[in-house]
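Chemist: First the structure, then my questions, so here it is.
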Amino acid sequence: MELNNIENLLEKYENGETTLKEEQELKNYFSQETVATHLEIYKPMFTYFTVNQKETFTKTVPLKSKKTISYKWISVAAVAILLLGIFFNTPIFQQEDDLGTFDDPMTAYNEVVKSLELISNSLNKGTEKLGYLDQLDAGMSKVGYLDEMETKTKIIFK
Amino acid sequence: MTQAEFLNIVIPFKDKIFRLAKRLLVSREEAEDATQEILLKLWNNKTKIEEYKNVEAFSMTMTKNFCLDKLKSKHAQNLKIVHSNYQDKNTSLQKQIELNDSVNWVAKIIENLPEQQKIIIQLRDIEQYDLDEIAKMLDMKNTAVRVALSRARKSIREQLTKTHSYGAK
(Lines give C-alpha, C1' and ligand atoms only; values in the text may rest on other atoms or scores of the structure.)
Protein backbone atom coordinates (compact mmCIF):
# COMPACT_ATOMS: atom_id res chain seq x y z
CA MET A 1 0.00 0.00 0.00
CA GLU A 2 2.68 2.42 1.11
CA LEU A 3 4.97 1.31 -1.68
CA ASN A 4 2.24 1.96 -4.18
CA ASN A 5 1.86 5.42 -2.81
CA ILE A 6 5.61 6.08 -3.10
CA GLU A 7 5.64 4.86 -6.67
CA ASN A 8 2.80 7.19 -7.53
CA LEU A 9 4.58 10.04 -5.85
CA LEU A 10 7.77 9.29 -7.76
CA GLU A 11 5.96 9.47 -11.04
CA LYS A 12 4.42 12.77 -10.09
CA TYR A 13 7.82 13.88 -8.85
CA GLU A 14 9.45 13.23 -12.19
CA ASN A 15 6.78 15.25 -13.90
CA GLY A 16 7.42 18.11 -11.51
CA GLU A 17 3.91 17.91 -10.14
CA THR A 18 4.54 17.05 -6.52
CA THR A 19 3.99 19.58 -3.78
CA LEU A 20 6.73 20.41 -1.33
CA LYS A 21 4.97 18.30 1.29
CA GLU A 22 4.89 15.27 -0.97
CA GLU A 23 8.53 15.74 -1.78
CA GLN A 24 9.30 15.78 1.92
CA GLU A 25 7.46 12.46 2.20
CA LEU A 26 9.66 11.02 -0.51
CA LYS A 27 12.77 12.32 1.20
CA ASN A 28 11.65 10.76 4.46
CA TYR A 29 10.98 7.45 2.77
CA PHE A 30 14.38 7.36 1.11
CA SER A 31 16.22 8.31 4.25
CA GLN A 32 15.32 4.90 5.69
CA GLU A 33 17.91 2.17 5.90
CA THR A 34 16.13 -0.13 3.49
CA VAL A 35 14.01 0.73 0.53
CA ALA A 36 12.38 -1.50 -2.07
CA THR A 37 15.11 -2.82 -4.37
CA HIS A 38 13.62 -1.50 -7.57
CA LEU A 39 13.49 1.97 -6.06
CA GLU A 40 17.01 1.90 -4.69
CA ILE A 41 18.22 3.96 -7.63
CA TYR A 42 16.43 7.00 -6.18
CA LYS A 43 18.06 6.70 -2.81
CA PRO A 44 21.34 8.50 -3.59
CA MET A 45 19.38 11.28 -5.26
CA PHE A 46 17.28 12.06 -2.22
CA THR A 47 20.15 11.47 0.18
CA TYR A 48 22.18 13.97 -1.77
CA PHE A 49 19.42 16.55 -1.52
CA THR A 50 19.02 16.09 2.20
CA VAL A 51 22.75 16.17 2.85
CA ASN A 52 23.22 19.25 0.73
CA GLN A 53 20.61 21.18 2.65
CA LYS A 54 22.93 21.22 5.61
CA GLU A 55 25.90 22.91 4.03
CA THR A 56 26.49 26.32 5.57
CA PHE A 57 28.39 29.46 4.83
CA THR A 58 31.02 29.88 7.50
CA LYS A 59 33.08 32.80 6.31
CA THR A 60 32.47 36.08 8.10
CA VAL A 61 31.71 39.12 6.06
CA PRO A 62 33.39 42.38 7.02
CA LEU A 63 30.61 44.93 7.13
CA LYS A 64 31.87 48.47 7.20
CA SER A 65 29.89 51.62 6.88
CA LYS A 66 31.23 54.14 4.44
CA LYS A 67 34.21 56.11 5.74
CA THR A 68 33.20 59.42 4.19
CA ILE A 69 30.40 59.73 6.72
CA SER A 70 32.81 59.71 9.67
CA TYR A 71 35.07 62.28 7.98
CA LYS A 72 32.12 64.56 7.52
CA TRP A 73 31.33 64.44 11.21
CA ILE A 74 34.95 65.05 12.17
CA SER A 75 34.95 68.28 10.17
CA VAL A 76 31.69 69.33 11.76
CA ALA A 77 33.17 68.73 15.20
CA ALA A 78 36.31 70.68 14.27
CA VAL A 79 34.31 73.67 13.12
CA ALA A 80 32.22 73.55 16.28
CA ILE A 81 35.31 73.53 18.49
CA LEU A 82 36.85 76.38 16.50
CA LEU A 83 33.74 78.50 16.80
CA LEU A 84 33.49 77.84 20.53
CA GLY A 85 37.15 78.82 20.95
CA ILE A 86 36.67 82.10 19.10
CA PHE A 87 33.48 82.86 20.98
CA PHE A 88 35.02 82.46 24.42
CA ASN A 89 38.20 84.37 23.56
CA THR A 90 36.61 87.47 22.05
CA PRO A 91 37.22 90.67 24.09
CA ILE A 92 33.54 91.48 23.75
CA PHE A 93 32.72 88.42 25.72
CA GLN A 94 35.23 89.27 28.45
CA GLN A 95 34.26 92.93 28.81
CA GLU A 96 31.49 93.93 31.03
CA ASP A 97 28.62 95.21 29.01
CA ASP A 98 27.34 97.62 31.66
CA LEU A 99 29.67 100.61 31.82
CA GLY A 100 27.31 102.88 33.76
CA THR A 101 25.79 106.18 32.72
CA PHE A 102 25.97 109.76 33.97
CA ASP A 103 22.79 111.42 35.10
CA ASP A 104 24.10 115.01 34.94
CA PRO A 105 25.02 116.19 31.40
CA MET A 106 27.71 118.52 32.84
CA THR A 107 29.64 115.74 34.53
CA ALA A 108 29.23 113.66 31.42
CA TYR A 109 30.75 116.52 29.36
CA ASN A 110 33.64 116.83 31.81
CA GLU A 111 34.30 113.15 31.70
CA VAL A 112 34.32 113.18 27.91
CA VAL A 113 36.70 116.13 27.83
CA LYS A 114 38.93 114.39 30.34
CA SER A 115 39.12 111.22 28.38
CA LEU A 116 39.65 113.08 25.08
CA GLU A 117 42.50 114.99 26.69
CA LEU A 118 43.98 111.78 27.85
CA ILE A 119 43.81 110.42 24.31
CA SER A 120 45.35 113.56 22.77
CA ASN A 121 48.11 113.57 25.38
CA SER A 122 49.15 110.08 24.65
CA LEU A 123 48.83 110.79 20.93
CA ASN A 124 51.21 113.73 21.29
CA LYS A 125 53.62 111.52 23.19
CA GLY A 126 53.64 109.28 20.16
CA THR A 127 54.25 112.14 17.72
CA GLU A 128 57.16 113.42 19.82
CA LYS A 129 58.82 110.10 19.22
CA LEU A 130 58.28 110.59 15.50
CA GLY A 131 60.62 113.65 15.74
CA TYR A 132 63.53 111.25 15.74
CA LEU A 133 62.71 110.51 12.08
CA ASP A 134 64.51 113.81 11.18
CA GLN A 135 67.70 112.47 12.62
CA LEU A 136 67.19 109.28 10.62
CA ASP A 137 66.90 111.37 7.47
CA ALA A 138 70.16 113.16 8.26
CA GLY A 139 71.80 109.78 8.75
CA MET A 140 70.39 108.57 5.48
CA SER A 141 71.77 111.57 3.58
CA LYS A 142 75.16 110.78 5.01
CA VAL A 143 74.85 107.27 3.75
CA GLY A 144 74.19 108.91 0.34
CA TYR A 145 77.89 109.87 0.21
CA LEU A 146 78.67 106.18 -0.09
CA ASP A 147 77.14 106.23 -3.56
CA GLU A 148 79.41 109.05 -4.58
CA MET A 149 82.37 107.18 -3.23
CA GLU A 150 81.39 104.15 -5.23
CA THR A 151 81.16 106.09 -8.48
CA LYS A 152 84.54 107.56 -7.79
CA THR A 153 86.14 104.19 -7.08
CA LYS A 154 84.62 102.94 -10.31
CA ILE A 155 86.27 105.76 -12.19
CA ILE A 156 89.57 104.93 -10.55
CA PHE A 157 89.32 101.28 -11.50
CA LYS A 158 88.55 102.22 -15.04
CA MET B 1 19.73 50.18 9.55
CA THR B 2 22.27 48.87 12.00
CA GLN B 3 24.56 45.93 11.42
CA ALA B 4 22.53 43.73 13.77
CA GLU B 5 19.29 44.46 11.97
CA PHE B 6 20.91 43.74 8.65
CA LEU B 7 22.30 40.44 9.90
CA ASN B 8 18.88 39.45 11.19
CA ILE B 9 17.47 39.88 7.72
CA VAL B 10 20.33 38.16 5.98
CA ILE B 11 21.11 35.21 8.26
CA PRO B 12 18.08 33.06 7.32
CA PHE B 13 19.09 32.86 3.69
CA LYS B 14 22.84 33.42 3.56
CA ASP B 15 23.41 29.66 3.44
CA LYS B 16 21.01 29.40 0.55
CA ILE B 17 22.97 32.03 -1.34
CA PHE B 18 26.15 30.12 -0.63
CA ARG B 19 24.74 26.78 -1.78
CA LEU B 20 23.35 28.23 -4.98
CA ALA B 21 26.69 29.89 -5.67
CA LYS B 22 28.46 26.63 -5.00
CA ARG B 23 26.10 24.74 -7.26
CA LEU B 24 26.98 27.06 -10.11
CA LEU B 25 30.63 27.82 -9.43
CA VAL B 26 31.48 24.33 -8.06
CA SER B 27 34.50 25.43 -6.06
CA ARG B 28 33.91 26.19 -2.41
CA GLU B 29 36.29 29.14 -2.34
CA GLU B 30 34.68 30.74 -5.35
CA ALA B 31 31.27 30.26 -3.81
CA GLU B 32 32.43 31.85 -0.56
CA ASP B 33 33.78 34.84 -2.41
CA ALA B 34 30.57 35.18 -4.38
CA THR B 35 28.47 35.00 -1.22
CA GLN B 36 30.60 37.62 0.43
CA GLU B 37 30.25 39.83 -2.61
CA ILE B 38 26.47 39.46 -2.63
CA LEU B 39 26.19 40.22 1.08
CA LEU B 40 28.37 43.28 0.71
CA LYS B 41 26.24 44.48 -2.18
CA LEU B 42 23.16 44.07 -0.02
CA TRP B 43 24.86 45.92 2.83
CA ASN B 44 25.83 48.80 0.60
CA ASN B 45 22.27 49.06 -0.62
CA LYS B 46 20.82 48.64 2.83
CA THR B 47 18.80 51.80 2.56
CA LYS B 48 16.89 50.29 -0.33
CA ILE B 49 16.40 46.92 1.32
CA GLU B 50 13.27 48.00 3.14
CA GLU B 51 11.63 48.84 -0.15
CA TYR B 52 11.93 45.32 -1.49
CA LYS B 53 9.00 43.10 -0.81
CA ASN B 54 11.00 39.93 -0.74
CA VAL B 55 14.66 40.41 0.10
CA GLU B 56 15.33 36.69 -0.03
CA ALA B 57 14.00 36.19 -3.54
CA PHE B 58 15.78 39.34 -4.64
CA SER B 59 19.06 38.06 -3.23
CA MET B 60 18.65 34.70 -4.93
CA THR B 61 18.09 36.40 -8.26
CA MET B 62 21.14 38.53 -7.60
CA THR B 63 23.20 35.46 -6.76
CA LYS B 64 22.09 33.68 -9.90
CA ASN B 65 22.98 36.63 -12.10
CA PHE B 66 26.27 37.23 -10.35
CA CYS B 67 27.37 33.59 -10.70
CA LEU B 68 26.30 33.35 -14.32
CA ASP B 69 28.26 36.52 -15.08
CA LYS B 70 31.24 35.05 -13.33
CA LEU B 71 30.98 31.85 -15.32
CA LYS B 72 30.68 33.81 -18.53
CA SER B 73 33.85 35.76 -17.84
CA LYS B 74 35.57 32.50 -16.93
CA HIS B 75 34.57 30.95 -20.24
CA ALA B 76 35.77 34.04 -22.05
CA GLN B 77 39.16 33.71 -20.41
CA ASN B 78 39.17 30.06 -21.35
CA LEU B 79 39.83 29.25 -17.77
CA LYS B 80 37.73 26.54 -16.30
CA ILE B 81 37.95 25.61 -12.69
CA VAL B 82 37.41 22.01 -11.90
CA HIS B 83 37.27 21.57 -8.23
CA SER B 84 35.63 18.61 -6.65
CA ASN B 85 35.75 18.46 -2.93
CA TYR B 86 33.30 15.77 -2.14
CA GLN B 87 34.32 13.89 0.92
CA ASP B 88 34.22 10.25 1.73
CA LYS B 89 34.13 10.13 5.46
CA ASN B 90 33.52 6.52 6.34
CA THR B 91 35.29 3.75 4.51
CA SER B 92 34.66 0.89 6.85
CA LEU B 93 31.46 -0.45 5.34
CA GLN B 94 31.14 -1.61 1.79
CA LYS B 95 27.55 -0.50 1.57
CA GLN B 96 28.32 2.94 2.85
CA ILE B 97 31.07 3.36 0.31
CA GLU B 98 28.70 2.40 -2.41
CA LEU B 99 26.08 4.79 -1.21
CA ASN B 100 28.58 7.59 -0.80
CA ASP B 101 29.84 6.82 -4.23
CA SER B 102 26.43 7.07 -5.79
CA VAL B 103 25.74 10.25 -3.83
CA ASN B 104 28.88 11.65 -5.43
CA TRP B 105 27.53 10.50 -8.74
CA VAL B 106 24.43 12.59 -8.17
CA ALA B 107 26.65 15.61 -7.57
CA LYS B 108 28.55 14.98 -10.76
CA ILE B 109 25.39 14.42 -12.77
CA ILE B 110 23.91 17.67 -11.51
CA GLU B 111 27.17 19.41 -12.33
CA ASN B 112 26.77 18.38 -15.94
CA LEU B 113 23.20 19.59 -16.27
CA PRO B 114 22.51 22.81 -18.16
CA GLU B 115 22.86 25.83 -15.91
CA GLN B 116 19.19 26.64 -15.79
CA GLN B 117 18.25 23.11 -14.75
CA LYS B 118 21.03 23.18 -12.18
CA ILE B 119 19.57 26.34 -10.64
CA ILE B 120 16.05 24.97 -10.65
CA ILE B 121 17.04 21.65 -9.05
CA GLN B 122 18.98 23.57 -6.44
CA LEU B 123 16.14 25.94 -5.64
CA ARG B 124 13.45 23.28 -5.61
CA ASP B 125 14.90 20.02 -4.35
CA ILE B 126 17.48 21.42 -2.00
CA GLU B 127 16.17 24.80 -0.90
CA GLN B 128 12.51 23.78 -1.26
CA TYR B 129 11.12 26.93 -2.76
CA ASP B 130 7.64 27.15 -4.18
CA LEU B 131 7.38 26.86 -7.94
CA ASP B 132 5.88 30.33 -8.05
CA GLU B 133 8.77 31.73 -6.04
CA ILE B 134 11.28 30.09 -8.36
CA ALA B 135 9.44 31.43 -11.37
CA LYS B 136 9.67 34.94 -9.91
CA MET B 137 13.35 34.58 -9.02
CA LEU B 138 14.30 33.39 -12.47
CA ASP B 139 11.85 35.59 -14.29
CA MET B 140 10.26 32.59 -15.98
CA LYS B 141 6.77 31.24 -16.35
CA ASN B 142 5.55 28.76 -13.80
CA THR B 143 5.00 26.07 -16.45
CA ALA B 144 8.47 26.59 -17.90
CA VAL B 145 9.97 26.03 -14.47
CA ARG B 146 7.93 22.87 -14.07
CA VAL B 147 9.06 21.51 -17.43
CA ALA B 148 12.73 22.26 -16.73
CA LEU B 149 12.42 20.69 -13.29
CA SER B 150 10.86 17.56 -14.67
CA ARG B 151 13.55 17.30 -17.34
CA ALA B 152 16.31 17.74 -14.81
CA ARG B 153 14.86 15.12 -12.48
CA LYS B 154 14.39 12.64 -15.27
CA SER B 155 17.89 13.08 -16.61
CA ILE B 156 19.35 12.64 -13.13
CA ARG B 157 17.42 9.41 -12.70
CA GLU B 158 18.33 8.12 -16.17
CA GLN B 159 22.01 8.80 -15.70
CA LEU B 160 21.97 7.25 -12.27
CA THR B 161 20.42 4.10 -13.72
CA LYS B 162 23.07 4.07 -16.41
CA THR B 163 26.01 4.34 -14.03
CA HIS B 164 24.39 1.87 -11.69
CA SER B 165 23.86 -0.84 -14.27
CA TYR B 166 27.32 -0.16 -15.62
CA GLY B 167 28.76 -0.91 -12.20
CA ALA B 168 26.66 -4.07 -11.85
CA LYS B 169 27.92 -5.53 -15.08
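The chains in the C-alpha coordinates are called A, B, ... from first to last as shown; in each chain the residues are counted from 1, and the ligands are counted from 1 in the order shown.
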Using only C-alpha atoms, I'd like a table of the residues in chain A that come within 10 Å of chain B; for each, show the closest atom pair and its distance in Å rounded to one decimal, ordered by chain and ascending number, as a tab-separated table.
Modeler:
residue	atom	partner	partner_atom	distance
A:Glu11	CA	B:Lys154	CA	9.9
A:Lys12	CA	B:Ser150	CA	9.2
A:Tyr13	CA	B:Ser150	CA	7.5
A:Glu14	CA	B:Ser150	CA	5.2
A:Asn15	CA	B:Ser150	CA	4.7
A:Gly16	CA	B:Ser150	CA	4.7
A:Glu17	CA	B:Arg146	CA	7.5
A:Thr19	CA	B:Asp130	CA	8.4
A:Leu20	CA	B:Gln128	CA	6.7
A:Lys21	CA	B:Gln128	CA	9.7
A:Glu23	CA	B:Asp125	CA	8.1
A:Gln24	CA	B:Gln128	CA	9.2
A:Lys27	CA	B:Asp125	CA	9.7
A:Glu40	CA	B:Thr161	CA	9.9
A:Ile41	CA	B:Thr161	CA	6.5
A:Tyr42	CA	B:Arg157	CA	7.0
A:Lys43	CA	B:Leu99	CA	8.4
A:Pro44	CA	B:Val103	CA	4.7
A:Met45	CA	B:Val106	CA	6.0
A:Phe46	CA	B:Asp125	CA	8.6
A:Thr47	CA	B:Val103	CA	7.0
A:Tyr48	CA	B:Val103	CA	5.5
A:Phe49	CA	B:Ile126	CA	5.3
A:Thr50	CA	B:Ile126	CA	7.0
A:Val51	CA	B:Ile126	CA	8.9
A:Asn52	CA	B:Ile126	CA	6.7
A:Gln53	CA	B:Ile126	CA	5.6
A:Lys54	CA	B:Asp15	CA	8.7
A:Glu55	CA	B:Arg19	CA	7.1
A:Thr56	CA	B:Asp15	CA	5.0
A:Phe57	CA	B:Asp15	CA	5.2
A:Thr58	CA	B:Glu32	CA	8.4
A:Lys59	CA	B:Glu32	CA	7.0
A:Thr60	CA	B:Gln36	CA	8.0
A:Val61	CA	B:Gln36	CA	5.9
A:Pro62	CA	B:Leu40	CA	8.1
A:Leu63	CA	B:Leu40	CA	7.0
A:Lys64	CA	B:Trp43	CA	8.6
A:Ser65	CA	B:Asn44	CA	8.0
A:Lys66	CA	B:Asn44	CA	8.5
Chemist: Distance atom CA of B:Glu51-atom CA of B:Val10, one decimal place?
Modeler: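 Distance between the two atoms: 15.1 Å.
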Chemist: Just list the residues in chain B DSSP gives alpha helix (DSSP H) on the backbone, as a ChimeraX atom specification.
Modeler: /B:3-25,28-44,46-49,55-76,94-111,115-121,131-138,142-168
Chemist: Any idea what's packed within 8 Å of B:Leu25, counting only C-alpha atoms, ignoring anything in its chain fewer than 5 positions away? Could you give it as a CSV table (one decimal) with N, CA and C atoms, in the first residue's frame?
Modeler:
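Writing done, so here's around-v3.csv:
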chain,number,residue,atom,x,y,z
B,30,GLU,N,35.4,29.8,-4.4
B,30,GLU,CA,34.7,30.7,-5.4
B,30,GLU,C,33.3,31.1,-4.8
B,31,ALA,N,32.6,30.0,-4.3
B,31,ALA,CA,31.3,30.3,-3.8
B,31,ALA,C,31.3,31.2,-2.6
B,67,CYS,N,26.6,34.8,-10.4
B,67,CYS,CA,27.4,33.6,-10.7
B,67,CYS,C,27.4,33.3,-12.2
B,71,LEU,N,30.7,33.0,-14.5
B,71,LEU,CA,31.0,31.8,-15.3
B,71,LEU,C,31.3,32.3,-16.7
